[in-house]
Structure formats: C-alpha cells, structure tokens
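Data file: structure.cif. Format and content: mmCIF, C-alpha atoms.
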data_protein
loop_
_atom_site.label_atom_id
_atom_site.label_comp_id
_atom_site.auth_asym_id
_atom_site.auth_seq_id
_atom_site.Cartn_x
_atom_site.Cartn_y
_atom_site.Cartn_z
CA MET A 1 -10.59 -3.83 22.31
CA ILE A 2 -7.82 -1.89 20.55
CA GLU A 3 -8.76 1.07 18.33
CA ALA A 4 -6.52 1.60 15.28
CA THR A 5 -6.46 4.01 12.34
CA SER A 6 -4.93 3.49 8.90
CA CYS A 7 -4.96 5.45 5.65
CA GLY A 8 -4.57 4.33 2.07
CA GLY A 9 -5.16 5.06 -1.55
CA VAL A 10 -6.98 3.98 -4.65
CA VAL A 11 -4.16 4.87 -7.04
CA ILE A 12 -5.00 5.30 -10.72
CA PHE A 13 -2.79 5.75 -13.76
CA ARG A 14 -4.34 5.96 -17.24
CA GLY A 15 -7.55 4.39 -15.98
CA LYS A 16 -5.95 1.41 -14.25
CA ILE A 17 -5.88 0.72 -10.51
CA LEU A 18 -2.82 -0.18 -8.44
CA LEU A 19 -3.07 -3.40 -6.40
CA LEU A 20 -0.70 -5.37 -4.18
CA TYR A 21 -0.51 -9.12 -3.68
CA LYS A 22 0.28 -10.14 -0.10
CA ASN A 23 1.24 -13.58 1.15
CA TYR A 24 2.07 -13.78 4.84
CA ARG A 25 3.21 -17.32 5.69
CA ASN A 26 0.32 -18.69 3.63
CA LYS A 27 -2.11 -17.51 6.35
CA TYR A 28 -2.98 -14.17 4.83
CA GLU A 29 -3.08 -14.21 1.08
CA GLY A 30 -4.72 -11.98 -1.51
CA TRP A 31 -4.85 -8.74 -3.51
CA VAL A 32 -5.28 -5.50 -1.54
CA LEU A 33 -5.13 -1.73 -1.88
CA PRO A 34 -2.10 0.02 -0.35
CA LYS A 35 -2.70 1.27 3.19
CA GLY A 36 -1.03 1.51 6.57
CA THR A 37 -1.03 2.79 10.13
CA VAL A 38 -1.01 6.47 11.05
CA GLU A 39 2.21 7.40 12.84
CA LYS A 40 2.29 9.82 15.78
CA GLY A 41 1.99 13.45 14.64
CA GLU A 42 1.07 12.50 11.09
CA GLU A 43 -1.92 13.88 9.15
CA HIS A 44 -4.12 11.32 7.39
CA THR A 45 -3.09 12.62 3.97
CA GLN A 46 0.59 12.24 4.89
CA THR A 47 0.01 8.67 6.04
CA ALA A 48 -1.83 7.73 2.85
CA LEU A 49 0.92 9.14 0.60
CA ARG A 50 3.71 7.61 2.71
CA GLU A 51 2.12 4.18 2.80
CA VAL A 52 1.52 4.13 -0.96
CA GLN A 53 5.17 5.14 -1.48
CA GLU A 54 6.53 2.59 1.01
CA GLU A 55 4.40 -0.36 -0.07
CA THR A 56 4.49 0.18 -3.84
CA GLY A 57 7.31 2.61 -4.65
CA VAL A 58 4.72 4.81 -6.39
CA CYS A 59 4.83 8.59 -6.19
CA ALA A 60 1.17 9.62 -6.12
CA THR A 61 -0.86 12.81 -5.76
CA ILE A 62 -4.05 12.97 -3.70
CA ILE A 63 -7.07 14.06 -5.70
CA LYS A 64 -9.74 13.81 -3.01
CA TYR A 65 -10.97 12.01 0.09
CA ILE A 66 -13.15 9.01 -0.74
CA GLY A 67 -14.40 7.80 2.63
CA LYS A 68 -13.80 5.51 5.57
CA SER A 69 -14.09 1.76 5.97
CA ASN A 70 -14.11 -0.20 9.21
CA TYR A 71 -13.33 -3.78 10.14
CA MET A 72 -12.33 -5.89 13.13
CA PHE A 73 -9.82 -8.68 13.44
CA ASN A 74 -8.23 -10.81 16.14
CA ALA A 75 -4.71 -9.88 17.25
CA ALA A 76 -2.50 -11.91 19.56
CA SER A 77 -4.30 -10.98 22.77
CA ASP A 78 -7.15 -8.68 21.80
CA ILE A 79 -9.61 -7.63 19.11
CA VAL A 80 -8.60 -4.71 16.87
CA ASN A 81 -11.26 -2.30 15.61
CA LYS A 82 -9.70 -0.51 12.63
CA ASP A 83 -10.85 2.57 10.70
CA VAL A 84 -9.25 3.13 7.29
CA HIS A 85 -9.44 6.52 5.58
CA TRP A 86 -9.21 6.27 1.78
CA TYR A 87 -8.07 8.77 -0.85
CA LEU A 88 -8.37 8.82 -4.62
CA MET A 89 -4.85 9.28 -5.99
CA MET A 90 -3.17 9.78 -9.34
CA ALA A 91 0.17 8.10 -10.07
CA ASP A 92 2.83 9.56 -12.32
CA SER A 93 3.67 6.29 -14.13
CA TYR A 94 2.97 2.55 -14.32
CA TYR A 95 6.03 1.85 -12.20
CA SER A 96 5.53 -0.11 -8.98
CA LYS A 97 7.69 -2.27 -6.76
CA PRO A 98 6.11 -4.32 -3.95
CA GLN A 99 7.59 -3.95 -0.46
CA ARG A 100 8.96 -7.43 0.31
CA GLU A 101 9.47 -6.66 4.02
CA GLU A 102 5.68 -6.37 4.36
CA TYR A 103 5.16 -9.68 2.50
CA PHE A 104 3.98 -8.06 -0.74
CA LEU A 105 5.05 -10.40 -3.54
CA ASP A 106 3.56 -8.58 -6.54
CA SER A 107 2.05 -5.26 -7.59
CA GLY A 108 0.55 -3.85 -10.74
CA TYR A 109 -2.12 -1.80 -12.42
CA TYR A 110 -5.37 -3.46 -13.45
CA LYS A 111 -8.51 -2.48 -15.33
CA TYR A 112 -11.43 -1.68 -13.03
CA HIS A 113 -13.28 -4.99 -13.49
CA GLU A 114 -10.09 -7.01 -13.05
CA ALA A 115 -9.17 -5.07 -9.89
CA TYR A 116 -12.69 -5.43 -8.48
CA HIS A 117 -12.63 -9.21 -8.86
CA LEU A 118 -9.05 -9.58 -7.62
CA LEU A 119 -9.58 -7.65 -4.36
CA LYS A 120 -9.84 -9.95 -1.34
CA PHE A 121 -11.99 -7.84 0.99
CA PRO A 122 -15.56 -6.59 0.40
CA ASN A 123 -14.89 -3.25 2.12
CA GLU A 124 -12.03 -2.56 -0.32
CA LYS A 125 -14.31 -3.44 -3.23
CA GLN A 126 -16.80 -0.84 -1.97
CA ILE A 127 -14.07 1.81 -1.69
CA LEU A 128 -12.87 0.93 -5.20
CA GLU A 129 -16.42 1.45 -6.52
CA LEU A 130 -16.66 4.90 -4.90
CA ALA A 131 -13.19 5.96 -6.03
CA TYR A 132 -13.65 4.77 -9.60
CA SER A 133 -17.00 6.57 -9.83
CA GLU A 134 -15.26 9.80 -8.72
CA TYR A 135 -12.50 9.17 -11.25
CA THR A 136 -14.95 8.69 -14.14
CA ASP A 137 -16.86 11.85 -13.12
CA LEU A 138 -13.63 13.85 -13.17
CA LYS A 139 -12.65 12.36 -16.54
CA ARG A 140 -16.07 13.20 -17.99
CA CYS A 141 -15.64 16.84 -16.87
CA ASN A 142 -12.06 16.97 -18.23
CA GLN A 143 -10.73 17.60 -14.72
CA TRP A 144 -8.64 14.46 -14.21
CA GLY A 145 -4.98 15.38 -14.56
CA ASN A 146 -5.77 19.04 -14.99
CA LYS A 147 -3.18 20.83 -12.87
CA LYS A 148 -5.69 23.64 -12.19
CA TYR A 149 -7.86 21.07 -10.40
CA PHE A 150 -5.16 20.46 -7.81
#
Starting from the coordinates I provided, produce the structure as structure tokens.
Amino acid sequence: MIEATSCGGVVIFRGKILLLYKNYRNKYEGWVLPKGTVEKGEEHTQTALREVQEETGVCATIIKYIGKSNYMFNAASDIVNKDVHWYLMMADSYYSKPQREEYFLDSGYYKYHEAYHLLKFPNEKQILELAYSEYTDLKRCNQWGNKKYF
C-alpha cells in the first residue's frame, strides 16, 4: 500500500464556493474541490495555496484549517491510501480558469446547495459542510474579510 498526502481548499468569494469539473478520458468525471499532492519540503498550507492557484488560477488567502479526509483508490500496481488536509480560503474575485493539463474542463463559483449537490465525492461534501459552517460563523461575528482577523 502506498501512503500519500494532499492538501486543498474550500475557496469562497461573496458566499459562493469554487468548484472544478474534471473529465479524464471519460473514466473519471465530476465536480471536485481543488487539491493536490504535497511536494518535498513544502508545508501543508503552501501546498493548499499552490494547488488552488495552479488548478484554478485563483489567488486565495487561508482563513483556517478545516480538517482531514481519507480515501483509498487503486493505482496501476498498488492501492493508494490518501490523506487530504483541507483549508477554508477566501478568494479575491470571481475569476477562475481551469487547468486543462490536469483535465479540468470548467470551474466556477456556486451557491452552497448547488455546490453540495454537484460534488462527486461524499468526503468532499462533508468537508464542504464543515467549511461552510465555519464561514457562516465568521460572517455572523463580522469576522469574514476583516483584515484584523488574519
């Protein structure tokens, strides 16, 4: 079994969540949150910000750590056990551009309920729930977007 670690973000701008649509040779198809593999010498926060930037073109700011998800999948010759560390992030605009080299065909910001139903994987739906709850708590306390908070 191969152990792997990735990091990603639940990116929010004006209450909407950033999603990516991936289609890899019609085998892997669906809406996902941006995430990717930790590179050697990289902190988890650096990975999360880099992957969001690479996969979506979005410049985001980390607000807080949300939690970890875990899943397994079959690779060419082994089983991969992957941990993904997730961060709540704030974008600076609605701009996004999907990374074609990684088979992302579309990207965009969606209302919470739309995003929840579009997401392909149950573990990403759970992370979205946690992140959006944190976001609404911060909004209620007038701390979302408050530069003093960062």
Q. Hey, can you check how far atom CA of A:Ser69 sits from atom CA of A:Tyr28?
A.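 Answer for the atom CA of A:Ser69 to atom CA of A:Tyr28 separation: 19.5 Å.
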At most 10 Å from (-6.2, -12.5, 6.8), file frame, all atoms listed in the file: which residues, as an mmCIF file with C-alpha atoms, in the frame of the given file?
data_model
loop_
_atom_site.group_PDB
_atom_site.id
_atom_site.type_symbol
_atom_site.label_atom_id
_atom_site.label_comp_id
_atom_site.auth_asym_id
_atom_site.auth_seq_id
_atom_site.Cartn_x
_atom_site.Cartn_y
_atom_site.Cartn_z
ATOM 1 C CA LYS A 22 0.280 -10.140 -0.100
ATOM 2 C CA ASN A 23 1.240 -13.580 1.150
ATOM 3 C CA TYR A 24 2.070 -13.780 4.840
ATOM 4 C CA ASN A 26 0.320 -18.690 3.630
ATOM 5 C CA LYS A 27 -2.110 -17.510 6.350
ATOM 6 C CA TYR A 28 -2.980 -14.170 4.830
ATOM 7 C CA GLU A 29 -3.080 -14.210 1.080
ATOM 8 C CA GLY A 30 -4.720 -11.980 -1.510
ATOM 9 C CA PHE A 73 -9.820 -8.680 13.440
ATOM 10 C CA ASN A 74 -8.230 -10.810 16.140
ATOM 11 C CA LYS A 120 -9.840 -9.950 -1.340
ATOM 12 C CA PHE A 121 -11.990 -7.840 0.990
#
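Neighbours of stretch 107-109 of chain A closer than or equal to 10 Å, with all atoms listed in the file counted and sequence neighbours fewer than 6 positions away skipped, come out as Val11, Ile12, Phe13, Arg14, Gly15, Lys16, Ile17, Leu18, Leu19, Leu20, Tyr21, Lys22, Trp31, Val32, Leu33, Pro34, Glu55, Thr56, Gly57, Tyr94, Tyr95, Ser96, Lys97, Pro98, Gln99 and Ala115 of chain A.
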Q | Interatomic distance (Å, one decimal) between atom CA of A:Glu3 and atom CA of A:Tyr71 | A |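 A separation of 10.6 Å between them.
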**Q.** Separation of atom CA of A:Val52 from atom CA of A:Arg140, in Å and rounded to one decimal
**A.**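 So the two atoms, atom CA of A:Val52 and atom CA of A:Arg140, lie 26.1 Å apart.
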Q: Output the residue selection produced by the PyMOL selection byres ((chain A and resi 7) around 10) on the file above, formatted as a ChimeraX atom specification.
A: /A:5-6,8-9,34-38,43-52,68-69,83-87
Expected selection from the PyMOL selection byres ((chain A and resi 63) around 9), given as a compact mmCIF listing (two decimals) with C-alpha atoms, in the coordinates of the input:
# COMPACT_ATOMS: atom_id res chain seq x y z
CA THR A 61 -0.86 12.81 -5.76
CA ILE A 62 -4.05 12.97 -3.70
CA LYS A 64 -9.74 13.81 -3.01
CA TYR A 65 -10.97 12.01 0.09
CA TYR A 87 -8.07 8.77 -0.85
CA LEU A 88 -8.37 8.82 -4.62
CA MET A 89 -4.85 9.28 -5.99
CA MET A 90 -3.17 9.78 -9.34
CA TRP A 144 -8.64 14.46 -14.21
CA TYR A 149 -7.86 21.07 -10.40
CA PHE A 150 -5.16 20.46 -7.81
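Closest approach to A:Ile2 from the set A:Arg25, A:Lys111, A:Lys139, A:Lys82 is made by A:Lys82, with distances taken over all atoms listed in the file.
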Please produce stretch 24-46 of chain A, completed to N, CA and C atoms, as a PDB file, in the coordinates of the input.
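Final output, saved to out_13.pdb:
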ATOM      1  N   TYR A  24       1.391 -13.723   3.550  1.00  0.00           N
ATOM      2  CA  TYR A  24       2.070 -13.780   4.840  1.00  0.00           C
ATOM      3  C   TYR A  24       2.006 -15.210   5.370  1.00  0.00           C
ATOM      4  N   ARG A  25       3.087 -15.940   5.194  1.00  0.00           N
ATOM      5  CA  ARG A  25       3.210 -17.320   5.690  1.00  0.00           C
ATOM      6  C   ARG A  25       2.013 -18.189   5.320  1.00  0.00           C
ATOM      7  N   ASN A  26       1.481 -17.957   4.172  1.00  0.00           N
ATOM      8  CA  ASN A  26       0.320 -18.690   3.630  1.00  0.00           C
ATOM      9  C   ASN A  26      -0.928 -18.599   4.495  1.00  0.00           C
ATOM     10  N   LYS A  27      -0.923 -17.712   5.511  1.00  0.00           N
ATOM     11  CA  LYS A  27      -2.110 -17.510   6.350  1.00  0.00           C
ATOM     12  C   LYS A  27      -2.964 -16.391   5.779  1.00  0.00           C
ATOM     13  N   TYR A  28      -2.298 -15.349   5.367  1.00  0.00           N
ATOM     14  CA  TYR A  28      -2.980 -14.170   4.830  1.00  0.00           C
ATOM     15  C   TYR A  28      -2.532 -14.041   3.392  1.00  0.00           C
ATOM     16  N   GLU A  29      -3.463 -14.184   2.471  1.00  0.00           N
ATOM     17  CA  GLU A  29      -3.080 -14.210   1.080  1.00  0.00           C
ATOM     18  C   GLU A  29      -4.163 -13.527   0.251  1.00  0.00           C
ATOM     19  N   GLY A  30      -3.761 -12.591  -0.609  1.00  0.00           N
ATOM     20  CA  GLY A  30      -4.720 -11.980  -1.510  1.00  0.00           C
ATOM     21  C   GLY A  30      -4.302 -10.593  -1.981  1.00  0.00           C
ATOM     22  N   TRP A  31      -5.081 -10.056  -2.920  1.00  0.00           N
ATOM     23  CA  TRP A  31      -4.850  -8.740  -3.510  1.00  0.00           C
ATOM     24  C   TRP A  31      -5.521  -7.679  -2.651  1.00  0.00           C
ATOM     25  N   VAL A  32      -4.797  -6.577  -2.397  1.00  0.00           N
ATOM     26  CA  VAL A  32      -5.280  -5.500  -1.540  1.00  0.00           C
ATOM     27  C   VAL A  32      -4.888  -4.146  -2.127  1.00  0.00           C
ATOM     28  N   LEU A  33      -5.508  -3.103  -1.581  1.00  0.00           N
ATOM     29  CA  LEU A  33      -5.130  -1.730  -1.880  1.00  0.00           C
ATOM     30  C   LEU A  33      -4.039  -1.314  -0.891  1.00  0.00           C
ATOM     31  N   PRO A  34      -3.134  -0.418  -1.287  1.00  0.00           N
ATOM     32  CA  PRO A  34      -2.100   0.020  -0.350  1.00  0.00           C
ATOM     33  C   PRO A  34      -2.670   0.865   0.795  1.00  0.00           C
ATOM     34  N   LYS A  35      -2.243   0.532   2.006  1.00  0.00           N
ATOM     35  CA  LYS A  35      -2.700   1.270   3.190  1.00  0.00           C
ATOM     36  C   LYS A  35      -1.776   0.941   4.360  1.00  0.00           C
ATOM     37  N   GLY A  36      -1.848   1.781   5.406  1.00  0.00           N
ATOM     38  CA  GLY A  36      -1.030   1.510   6.570  1.00  0.00           C
ATOM     39  C   GLY A  36      -1.377   2.411   7.740  1.00  0.00           C
ATOM     40  N   THR A  37      -0.725   2.154   8.858  1.00  0.00           N
ATOM     41  CA  THR A  37      -1.030   2.790  10.130  1.00  0.00           C
ATOM     42  C   THR A  37      -0.533   4.234  10.213  1.00  0.00           C
ATOM     43  N   VAL A  38      -1.365   5.076  10.801  1.00  0.00           N
ATOM     44  CA  VAL A  38      -1.010   6.470  11.050  1.00  0.00           C
ATOM     45  C   VAL A  38       0.065   6.513  12.132  1.00  0.00           C
ATOM     46  N   GLU A  39       1.153   7.239  11.853  1.00  0.00           N
ATOM     47  CA  GLU A  39       2.210   7.400  12.840  1.00  0.00           C
ATOM     48  C   GLU A  39       1.946   8.662  13.667  1.00  0.00           C
ATOM     49  N   LYS A  40       2.504   8.696  14.870  1.00  0.00           N
ATOM     50  CA  LYS A  40       2.290   9.820  15.780  1.00  0.00           C
ATOM     51  C   LYS A  40       2.672  11.148  15.105  1.00  0.00           C
ATOM     52  N   GLY A  41       1.756  12.123  15.192  1.00  0.00           N
ATOM     53  CA  GLY A  41       1.990  13.450  14.640  1.00  0.00           C
ATOM     54  C   GLY A  41       1.739  13.576  13.148  1.00  0.00           C
ATOM     55  N   GLU A  42       1.271  12.515  12.534  1.00  0.00           N
ATOM     56  CA  GLU A  42       1.070  12.500  11.090  1.00  0.00           C
ATOM     57  C   GLU A  42      -0.390  12.817  10.734  1.00  0.00           C
ATOM     58  N   GLU A  43      -0.576  13.620   9.701  1.00  0.00           N
ATOM     59  CA  GLU A  43      -1.920  13.880   9.150  1.00  0.00           C
ATOM     60  C   GLU A  43      -2.328  12.661   8.323  1.00  0.00           C
ATOM     61  N   HIS A  44      -3.640  12.463   8.169  1.00  0.00           N
ATOM     62  CA  HIS A  44      -4.120  11.320   7.390  1.00  0.00           C
ATOM     63  C   HIS A  44      -3.613  11.344   5.959  1.00  0.00           C
ATOM     64  N   THR A  45      -3.572  12.531   5.355  1.00  0.00           N
ATOM     65  CA  THR A  45      -3.090  12.620   3.970  1.00  0.00           C
ATOM     66  C   THR A  45      -1.618  12.211   3.886  1.00  0.00           C
ATOM     67  N   GLN A  46      -0.830  12.608   4.873  1.00  0.00           N
ATOM     68  CA  GLN A  46       0.590  12.240   4.890  1.00  0.00           C
ATOM     69  C   GLN A  46       0.755  10.731   5.009  1.00  0.00           C
TER      70      GLN A  46
END
